[in-house]
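Peer 1: Sharing a structure, written as structure tokens. Questions coming.
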Amino acid sequence: MSVSTNTQLKRSVRVPFWAQILMGLALGVLLGWIARSQDLSWLVTTLEKVGGTFVGLLKLAVAPLVFFAILVSITNLRKVNNAARLASRTLLWFMITSLIAVAIGLAIGLVTNPGAGTGLSPADGEAPEKTGSWIDFLTGIVPTDVVTPFTELNVLQIVFMAAVAGIAALQLGEKAQPILTLSESVLELLQKALWWVIRLAPIGTVGLIGNAIATYGWNLIGKYATFTVDIYVGCLIVLFGVYPALLATVAKVGPVQFFKGAWPAIQLAFVSRSSVGTMPLTQKVTERLGVPKEYASFAVPFGATTKMDGCAAIYPAIAAIFVAQIFDVPLGVGDYLLIAFVSVVGSAATAGLTGATVMLTLTLSTLGLPMEGVGLLLAIDPILDMIRTATNVAGQVVCPLIVASREKILDREKYNGVASAPIDVDEPRAVAAAA
């Protein structure tokens, strides 16, 4: 048997990455149920450590990855025609889809009354240690030094510094080329290292899902049943309703091909609960769907830190209604408009990290609702964050596709043929070479 035949045989029997994730989900649920039903503390601890280590590895690369990705993405715009137009169109579609998502969240919350019949009371809530406010949001953008944002993982400040550095590099022109070359090399190094972490996602899935089931069980979900269903239904409507509709009517492309191409990133986002941690895979699938690399390398990092339809639109809209009902605070039309405003303008506060607590506190403080309401939702947050992050990442792929299609730079042949070239997480360089 030839070497080429052996290679083909190995490839044919290798389990696809998406199937590995599904197996990890199934095994995690099983182990979590066993750990909880049999009261196996050692298994709970093991699952917690496995899941925590995986998330920790993802977070380890977040600060430098965001900085160099934003810096390089801004400087890459010089290679694109009508760069300013593309950037403005991208931001516009981020805002449009956020408005649609928050409207869906508000509609679901108003119809279902998620805070009614829960048995929860204001006494069950506890104010978080850190809260978000517009003053903190605006003043917190500018760092006081260059080290603290990296040590404290303040992504918003890192984005600010990277944007300033990128714009300065554009202004310097050729003089900045050595720095840009170094930045591109560092970014490739970080992405390569993160690919190794992403490859561990099936194992991380076992720990994360298993720990969630073992720790919270199904009783807690039952107490928050309406709220949990609301979040999942809202995200699924956006994910499988709004996005496909926009792709079919605005981008004029087939939604089925989108899911075939983007599913690995959506799936990893569901498990990892980190838009930034998923960013290398998100960019990869975006390029594989026909978006030019120069534009995708700007739009995806930009979206990974600011485009949050799940965490910053659907979730705070339903959560605000939930908290208002628990604390018996009536909300009016003006309050709902404020929720929409916060969702569109303040979404950068979520910064692509796991959880949406900052965005929720920003929404509650704007509406004047008690911060203790955040404590009511923290226990259920990991379960909700999975579908929120999956929706976030899907939107981060959809918007560049829409813009690329409308600006006539989308490679439709590549888009339509994506099914014949499945994503292989072991070969990130192959895509860069082919792009």
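Going by the structure tokens order, chains are called A, B, ..., each with residues numbered from 1, while ligands are numbered from 1 in the order shown.
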Using only C-alpha atoms, find each residue in stretch 234-336 of chain A having at least one atom no more than 7 Å away from stretch 39-62 of chain A; report its shortest atom-to-atom pair and that distance in Å (one decimal), rows by chain then rising number, as CSV.
Peer 2:
```
residue,atom,partner,partner_atom,distance
A:Ser272,CA,A:Val55,CA,6.7
A:Val276,CA,A:Val62,CA,6.5
A:Gly277,CA,A:Leu58,CA,5.4
```
Peer 1: Quick one: DSSP alpha helix (DSSP H) residues in stretch 9-201 of chain A, as a PyMOL selection string?
Peer 2: chain A and resi 9-13+17-37+41-60+62-76+83-112+134-139+148-151+155-172+177-199+201
Peer 1: Within 6 Å of stretch 222-239 of chain A, counting only C-alpha atoms, which residues qualify if same-chain residues fewer than 4 places away don't, as a PDB file with N, CA and C atoms, in the first residue's frame?
Peer 2:
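Generated output (out33.pdb):
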```pdb
ATOM      1  N   GLY A 105     -35.776  39.980  21.694  1.00  0.00           N
ATOM      2  CA  GLY A 105     -35.667  39.730  23.128  1.00  0.00           C
ATOM      3  C   GLY A 105     -36.774  40.412  23.915  1.00  0.00           C
ATOM      4  N   PRO A 114     -41.079  36.322  32.138  1.00  0.00           N
ATOM      5  CA  PRO A 114     -40.161  35.329  32.715  1.00  0.00           C
ATOM      6  C   PRO A 114     -39.999  35.416  34.224  1.00  0.00           C
ATOM      7  N   THR A 118     -41.786  32.269  39.545  1.00  0.00           N
ATOM      8  CA  THR A 118     -40.497  31.617  39.784  1.00  0.00           C
ATOM      9  C   THR A 118     -40.317  31.214  41.244  1.00  0.00           C
ATOM     10  N   TYR A 243     -30.753  35.500  10.831  1.00  0.00           N
ATOM     11  CA  TYR A 243     -29.531  35.436  10.026  1.00  0.00           C
ATOM     12  C   TYR A 243     -29.756  34.794   8.660  1.00  0.00           C
ATOM     13  N   THR A 391     -24.599  32.467  19.321  1.00  0.00           N
ATOM     14  CA  THR A 391     -25.299  33.492  18.531  1.00  0.00           C
ATOM     15  C   THR A 391     -24.369  34.652  18.213  1.00  0.00           C
TER      16      THR A 391
END
```
Peer 1: Leaving out A:Leu189 and any residue of its chain fewer than 4 positions from it, which residues lie within 12 Å of it when counting only C-alpha atoms, given as a ChimeraX atom specification?
Peer 2: /A:61,64-65,68-69,182-185,193-196,280,428-429
Peer 1: Restricting the output to C-alpha atoms, write the selected residues as a tab-separated table (two decimals), in the first residue's frame.
Peer 2:
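Listing of out-v7.tsv after writing:
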```tsv
chain	number	residue	atom	x	y	z
A	61	ALA	CA	-4.03	34.18	24.82
A	64	PRO	CA	-2.08	39.63	23.29
A	65	LEU	CA	-4.38	38.07	20.67
A	68	PHE	CA	-2.24	42.21	17.73
A	69	ALA	CA	-5.40	41.12	15.91
A	182	LEU	CA	6.75	41.74	13.79
A	183	SER	CA	3.07	42.15	14.76
A	184	GLU	CA	1.93	39.86	11.96
A	185	SER	CA	4.49	37.23	13.00
A	193	ALA	CA	-0.77	28.23	19.81
A	194	LEU	CA	-4.50	28.89	20.17
A	195	TRP	CA	-5.23	26.29	17.47
A	196	TRP	CA	-3.60	23.72	19.74
A	280	PRO	CA	-9.16	32.26	14.91
A	428	PRO	CA	-4.85	26.72	9.85
A	429	ARG	CA	-1.99	27.61	7.52
```
Peer 1: So which one's closest to A:Thr305, A:Val80, A:Ala319, A:Ile104, A:Met279? Using only C-alpha atoms, please.
Peer 2: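 Going through A:Val80, A:Ala319, A:Ile104, A:Met279 one by one, the smallest distance to A:Thr305 is for A:Met279.
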Peer 1: Got a sec: who's within 10 Å of A:Met23, counting only C-alpha atoms, leaving out chain neighbours fewer than 6 positions off, as number ranges by chain?
Peer 2: A: 17, 29, 202-203, 205-206
Peer 1: So which one's closest to A:Ser88, A:Ala299, A:Val66, A:Met386, A:Val398? Using only C-alpha atoms, please.
Peer 2: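 For A:Ser88, the nearest of the candidates is A:Ala299.
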Peer 1: Any idea what's packed within 12 Å of A:Trp33, counting only C-alpha atoms, ignoring anything in its chain fewer than 5 positions away? Could you give it as a PyMOL selection string?
Peer 2: chain A and resi 26-28+38-40+43-44+47+206+209-218
Peer 1: Tell me, as a list of chain:residue names, which residues lie within 12 Å of A:Asp145, counting only C-alpha atoms; anything in the same chain fewer than 3 positions away does not count.
Peer 2: A:Gly140, A:Ile141, A:Val142, A:Thr148, A:Pro149, A:Phe150, A:Thr151, A:Glu152, A:Asn154, A:Gln157, A:Ile158, A:Met161
Peer 1: Just how far from atom CA of A:Leu376 is atom CA of A:Val323, in Å to one decimal?
Peer 2: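 Atom CA of A:Val323 sits 8.2 Å away from atom CA of A:Leu376.
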